[in-house]
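> To be precise about what I am sending: the file is called query-v5.txt and holds compact mmCIF, C-alpha atoms.
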```txt
# COMPACT_ATOMS: atom_id res chain seq x y z
CA GLN A 1 51.31 33.50 227.52
CA VAL A 2 47.95 34.54 226.12
CA GLN A 3 44.62 32.76 226.49
CA LEU A 4 42.07 33.07 223.70
CA VAL A 5 38.32 32.55 223.89
CA GLU A 6 36.07 32.74 220.85
CA SER A 7 32.40 33.62 220.91
CA GLY A 8 29.61 34.70 218.60
CA GLY A 9 29.14 31.57 216.55
CA GLY A 10 25.72 30.20 215.79
CA LEU A 11 23.21 29.15 213.16
CA VAL A 12 22.50 31.53 210.29
CA GLN A 13 20.75 31.24 206.96
CA ALA A 14 22.65 31.44 203.71
CA GLY A 15 23.15 35.06 202.75
CA GLY A 16 23.15 36.19 206.35
CA SER A 17 25.86 37.75 208.48
CA LEU A 18 27.64 36.88 211.68
CA ARG A 19 30.43 38.39 213.71
CA VAL A 20 32.68 36.16 215.78
CA SER A 21 34.93 37.54 218.48
CA CYS A 22 38.09 36.40 220.21
CA ALA A 23 38.83 37.75 223.66
CA ALA A 24 42.42 37.61 224.86
CA SER A 25 43.65 37.49 228.44
CA GLY A 26 46.93 37.00 230.20
CA ARG A 27 48.88 39.26 227.90
CA SER A 28 48.19 42.25 225.69
CA LEU A 29 46.76 41.36 222.31
CA SER A 30 48.90 44.10 220.76
CA THR A 31 51.99 41.91 221.10
CA TYR A 32 50.65 39.37 218.63
CA ALA A 33 49.83 39.17 214.99
CA MET A 34 46.50 37.35 214.83
CA GLY A 35 44.61 35.05 212.56
CA TRP A 36 41.35 33.24 212.03
CA PHE A 37 41.20 29.65 210.84
CA ARG A 38 38.33 27.24 210.33
CA GLN A 39 37.86 23.50 210.28
CA ALA A 40 34.95 21.64 208.76
CA PRO A 41 34.21 18.01 209.65
CA GLY A 42 36.66 15.66 208.00
CA GLN A 43 38.79 18.50 206.67
CA GLU A 44 42.03 20.12 207.69
CA ARG A 45 42.09 23.43 209.51
CA GLU A 46 42.41 26.18 206.92
CA PHE A 47 43.42 29.81 206.89
CA VAL A 48 40.65 32.40 206.76
CA ALA A 49 42.17 35.79 207.60
CA ALA A 50 45.14 37.42 209.29
CA ILE A 51 45.98 40.85 210.69
CA ASP A 52 49.16 42.53 211.87
CA ARG A 53 49.70 43.88 215.37
CA SER A 54 48.37 47.33 214.69
CA GLY A 55 45.47 46.29 212.48
CA GLY A 56 46.82 48.13 209.49
CA SER A 57 47.59 45.10 207.31
CA THR A 58 45.29 42.19 206.58
CA ALA A 59 45.09 39.12 204.38
CA TYR A 60 42.25 36.82 203.38
CA ALA A 61 41.75 33.41 201.86
CA ASP A 62 40.36 33.62 198.35
CA SER A 63 37.26 31.76 199.50
CA VAL A 64 36.24 34.59 201.86
CA LYS A 65 37.75 37.64 200.19
CA GLY A 66 35.16 40.35 199.79
CA ARG A 67 32.81 38.69 202.25
CA CYS A 68 34.81 38.73 205.49
CA THR A 69 36.60 41.47 207.41
CA ILE A 70 39.13 40.90 210.17
CA THR A 71 39.63 43.68 212.69
CA ARG A 72 41.09 44.09 216.13
CA ASP A 73 40.62 46.41 219.10
CA ASN A 74 43.82 46.27 221.11
CA ASN A 75 42.32 48.47 223.80
CA LYS A 76 39.63 45.84 224.35
CA ASN A 77 42.04 42.97 223.78
CA THR A 78 39.63 41.55 221.22
CA LEU A 79 39.85 40.23 217.67
CA TYR A 80 36.84 40.13 215.34
CA LEU A 81 35.77 38.45 212.13
CA GLN A 82 32.76 39.94 210.39
CA MET A 83 31.28 37.48 207.92
CA ASN A 84 28.72 38.53 205.32
CA SER A 85 26.93 36.74 202.48
CA LEU A 86 27.47 33.47 204.29
CA ARG A 87 27.30 30.22 202.35
CA PRO A 88 26.70 26.64 203.50
CA GLU A 89 30.33 25.88 202.71
CA ASP A 90 31.36 28.38 205.40
CA THR A 91 30.05 25.96 208.01
CA ALA A 92 32.94 25.08 210.32
CA VAL A 93 34.45 25.59 213.72
CA TYR A 94 36.20 28.94 213.68
CA TYR A 95 39.42 29.37 215.67
CA CYS A 96 41.41 32.45 216.49
CA ALA A 97 45.16 32.17 216.87
CA ALA A 98 48.05 34.31 218.07
CA ASP A 99 51.50 34.50 216.50
CA SER A 100 54.22 35.67 218.90
CA TYR A 101 56.90 36.16 216.25
CA ASN A 102 58.08 39.75 216.21
CA GLY A 103 58.07 40.44 212.52
CA GLY A 104 57.62 44.16 212.95
CA ASN A 105 54.99 46.37 211.41
CA TYR A 106 52.80 44.90 208.68
CA TYR A 107 53.78 41.33 209.60
CA TYR A 108 51.16 38.59 209.66
CA ALA A 109 51.18 34.89 208.90
CA THR A 110 48.86 32.77 206.80
CA SER A 111 50.35 29.41 207.70
CA ARG A 112 48.83 27.46 210.57
CA ALA A 113 52.31 26.38 211.67
CA GLN A 114 53.31 29.97 212.47
CA TYR A 115 50.75 30.36 215.23
CA ASP A 116 51.61 29.59 218.83
CA TYR A 117 48.33 29.97 220.71
CA TRP A 118 44.82 28.85 219.83
CA GLY A 119 41.35 29.27 221.19
CA GLN A 120 38.88 26.44 221.65
CA GLY A 121 36.79 27.44 218.64
CA THR A 122 33.22 28.55 218.00
CA GLN A 123 30.79 26.71 215.72
CA VAL A 124 29.33 28.53 212.72
CA THR A 125 26.58 26.74 210.84
CA VAL A 126 25.08 28.14 207.66
CA SER A 127 21.83 26.59 206.50
CA SER A 128 20.78 26.55 202.85
```
So, in terms of structure tokens, how does the structure I just supplied come out?

Amino acid sequence: QVQLVESGGGLVQAGGSLRVSCAASGRSLSTYAMGWFRQAPGQEREFVAAIDRSGGSTAYADSVKGRCTITRDNNKNTLYLQMNSLRPEDTAVYYCAADSYNGGNYYYATSRAQYDYWGQGTQVTVSS
């Protein structure tokens, strides 16, 4: 079983950048496809980005495409989300999640239901 801890959230002005991280422990990150989700107050948790086990395949929500980049460093057991050109509507708690399904190379999931393990989240606030 893997434990996930997010960090790097904070307050940033619109147009700014932020990188959030997700450190894994208990098991190698390389055994999981990974994803980032976010949840704003009063809204459901929504998909942001996903990446396969090797880092070679990625997917993004339309709302962040071109502005966010998901990467992973399996040697450091860490997942990242680089966010640029931030907007007030990006304000949310950002969660990383691990999917233990062995779908082989290039597999990742965009559905929240596919993920087995979640971090506690990190708050990102974008001021206008």
> What is the atom CA of Glu46 of chain A-atom CA of Thr110 of chain A distance in Å, reported with one decimal?
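We find that atom CA of Glu46 of chain A and atom CA of Thr110 of chain A lie 9.2 Å from each other.
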> Can you work out which one of A:Tyr101, A:Tyr32, A:Tyr95, A:Tyr107 has the shortest atom-to-atom distance to Arg72 of chain A, counting only C-alpha atoms?
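Closest to Arg72 of chain A, using only C-alpha atoms: A:Tyr32.
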> May I have the residues within 12 Å of Asp73 of chain A as a list of chain:residue names, using only C-alpha atoms and disregarding those fewer than 2 positions away in the same chain?
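Here the qualifying residues turn out to be A:Ser21, A:Cys22, A:Ala23, A:Ala24, A:Ser28, A:Leu29, A:Ser30, A:Met34, A:Ile51, A:Asp52, A:Arg53, A:Ser54, A:Gly55, A:Gly56, A:Ile70, A:Thr71, A:Asn75, A:Lys76, A:Asn77, A:Thr78, A:Leu79, A:Tyr80, A:Leu81.
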> Quick one: write out the picked residues with C-alpha atoms as a short mmCIF file (atom, residue, chain, number, x, y, z; two decimals), keeping the file's coordinate frame?

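Resulting contents of result.cif:
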```cif
data_model
loop_
_atom_site.label_atom_id
_atom_site.label_comp_id
_atom_site.auth_asym_id
_atom_site.auth_seq_id
_atom_site.Cartn_x
_atom_site.Cartn_y
_atom_site.Cartn_z
CA SER A 21 34.93 37.54 218.48
CA CYS A 22 38.09 36.40 220.21
CA ALA A 23 38.83 37.75 223.66
CA ALA A 24 42.42 37.61 224.86
CA SER A 28 48.19 42.25 225.69
CA LEU A 29 46.76 41.36 222.31
CA SER A 30 48.90 44.10 220.76
CA MET A 34 46.50 37.35 214.83
CA ILE A 51 45.98 40.85 210.69
CA ASP A 52 49.16 42.53 211.87
CA ARG A 53 49.70 43.88 215.37
CA SER A 54 48.37 47.33 214.69
CA GLY A 55 45.47 46.29 212.48
CA GLY A 56 46.82 48.13 209.49
CA ILE A 70 39.13 40.90 210.17
CA THR A 71 39.63 43.68 212.69
CA ASN A 75 42.32 48.47 223.80
CA LYS A 76 39.63 45.84 224.35
CA ASN A 77 42.04 42.97 223.78
CA THR A 78 39.63 41.55 221.22
CA LEU A 79 39.85 40.23 217.67
CA TYR A 80 36.84 40.13 215.34
CA LEU A 81 35.77 38.45 212.13
#
```
> Rank nothing, just name the residue among A:Asn74, A:Ala14, A:Tyr94, A:Arg67 nearest to Arg27 of chain A, using all atoms listed in the file.
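Ranked by minimum distance to Arg27 of chain A, first place goes to A:Asn74.
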> In Å, with one decimal, what is the gap from atom CA of Val124 of chain A to atom CA of Phe47 of chain A?
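Atom CA of Val124 of chain A sits 15.3 Å away from atom CA of Phe47 of chain A.
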> Counting only C-alpha atoms, figure out which residue out of A:Gly8, A:Ala92, A:Trp36, A:Thr125 gets nearest to Val48 of chain A.
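Checking each of A:Gly8, A:Ala92, A:Trp36, A:Thr125 against Val48 of chain A, counting only C-alpha atoms, the winner is A:Trp36.
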> Go through A:Arg87, A:Val126, A:Ala61, A:Thr69 one by one, measure the shortest atom-to-atom distance of each to Ser111 of chain A using only C-alpha atoms, and give the residue with the smallest value.
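Distance minimum relative to Ser111 of chain A lands on A:Ala61.
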